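Below is one structure, written out as structure tokens; the observations come after it.
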Amino acid sequence: MGPNPVIQAAIDLTAGAAAGTACVLAGQPFDTAKVKMQTFPNMYKGLMDCALKTYRQGGLRSFYMGTSPALMANIAENSVLFMCYGFCRQVVRTIGGLDKNVMLSDLQNAAAGSVASVFSSIVLCPTELVKCRLQAMHEMQISGKIAQGQNTVWSVVKVIVHSEGLLGFYQGLSSTLFREMPGYFFFFGGYELSRSFFATGLKSKDELGISALYSGLKPTMIRAFPANGALFLAYEYSRKIMMNHFDT
């Protein structure tokens, strides 16, 4: 029978939050290197040079600059994303005249994920802006673009509010949407397609094992494997635990 729609939404929201946390903790060092190299492309010779210089700035802690807004961004994004993904899948079923228990095709799931990314982008944009500024803080200080002492979440937020107002947090929203909508189409499409492939011989895709989630520009690609593996692993297992609880 399964839980009612409100409880189902809460489950998707909570599972998305767990997924976002796992994704950040697994991928933050690679994301930091990516942001530094993208913001100051002439400052580093490559990934290893960036990693060594970042480590010299303050050890392993330097790789986790901006972790708190990154956690906020990913928890908010994935909570909204997976909750809206569930709603959008129901909308696709309604539009297609399908029963609510009918499994959608991989293409239909991909379309639902793409639409869900519109809502997640709205909560992602402000927190990601703060995160990126914190990650590139050291380079911005030594290049004279900002003054010393502006290296906290609150100081970055105050600078944005004072100089650009509340709408300043939505700089790049259109670019984010252009990135997220096609990106999550292939993200969810690839995810569901992979589950279909690995579920060959099983009763359903829900019976997959852990290792299947880890099967298969430098810092971005390296980050993708542990971060997205952790994201889906946390989402699937937290969601399954909660679903089993409400089914009993």
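All residue names refer to the structure tokens as shown: chains lettered A, B, ... in order, residues numbered from 1 in each chain, ligands numbered from 1 in order.
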Which neighbours of Ser238 in chain A fall inside 9 Å, counting only C-alpha atoms, when residues of the same chain fewer than 3 positions from it are skipped, and could you give them as a PyMOL selection string? chain A and resi 11+14-16+18-19+233-235+241-243
Can you tell me, as a list in words, what residues are no more than 12 Å from Pro5 in chain A when counting only C-alpha atoms, ignoring any on the same chain fewer than 3 positions away? Met1, Gly2, Gln8, Ala9, Ala10, Ile11, Asp12, Met83, Gly86, Phe87, Gln90 and Lys100 of chain A
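With only C-alpha atoms as the atoms that count, the residue of A:Asn101, A:Thr67, A:Asn109, A:Ser117 with the shortest distance to Cys84 in chain A is A:Ser117.
Of the listed residues A:Ile95, A:Ala112, A:Ile7, A:Cys125, the one whose atoms come nearest to His245 in chain A is A:Ile7, with distances taken using only C-alpha atoms.
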Do a neighbour search on Ser121 in chain A at 7 Å with only C-alpha atoms, toss out local chain neighbours closer than 5 positions, and write the hits as a list in words. Glu77, Thr176 and Leu177 of chain A
Give me the residues of range 119-180 of chain A that have any atom at most 12 Å from an atom of range 185-194 of chain A; for each, the nearest atom pair and the distance in Å, rounded to one decimal. Use only C-alpha atoms, sort by chain and number, and format it as a tab-separated table.
```
residue	atom	partner	partner_atom	distance
A:Leu177	CA	A:Phe185	CA	11.9
A:Phe178	CA	A:Phe185	CA	11.4
A:Arg179	CA	A:Phe185	CA	10.3
A:Glu180	CA	A:Phe185	CA	8.2
```
Just the residues within 8 Å of Tyr64 in chain A, please, counting only C-alpha atoms, with nothing from its chain fewer than 5 positions along; format it as a PyMOL selection string. chain A and resi 28-29+32
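Distances from A:Cys132, A:Leu13, A:Leu25, A:Met140 to Gly229 in chain A were compared using only C-alpha atoms, and the smallest one belongs to A:Leu25.
For Met72 in chain A, the list of residues within 9 Å, based on only C-alpha atoms and with local chain neighbours fewer than 2 positions off taken out, reads A:Gly20, A:Thr21, A:Thr67, A:Ser68, A:Pro69, A:Ala70, A:Asn74, A:Ile75, A:Ala76, A:Glu77, A:Leu124, A:Thr127, A:Glu128.
Across the model, the gap from CA of Phe40 in chain A to CA of Gln171 in chain A is 19.2 Å.
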Step one, run DSSP on the backbone; step two, keep only residues of range 10-185 of chain A assigned to alpha helix (DSSP H); then write them as a ChimeraX atom specification. /A:10-39,47-58,67-95,106-135,137-142,153-164,173-185
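In this comparison, which uses only C-alpha atoms, the residue of A:Gly113, A:Val130, A:Val118, A:Tyr85 approaching Val159 in chain A most closely is A:Val130.
In this comparison, which uses only C-alpha atoms, the residue of A:Leu129, A:Ala33, A:Val91, A:Leu104 approaching Ile160 in chain A most closely is A:Leu129.
Note that the spacing between CA of Gly96 in chain A and CA of Ala111 in chain A amounts to 12.7 Å.
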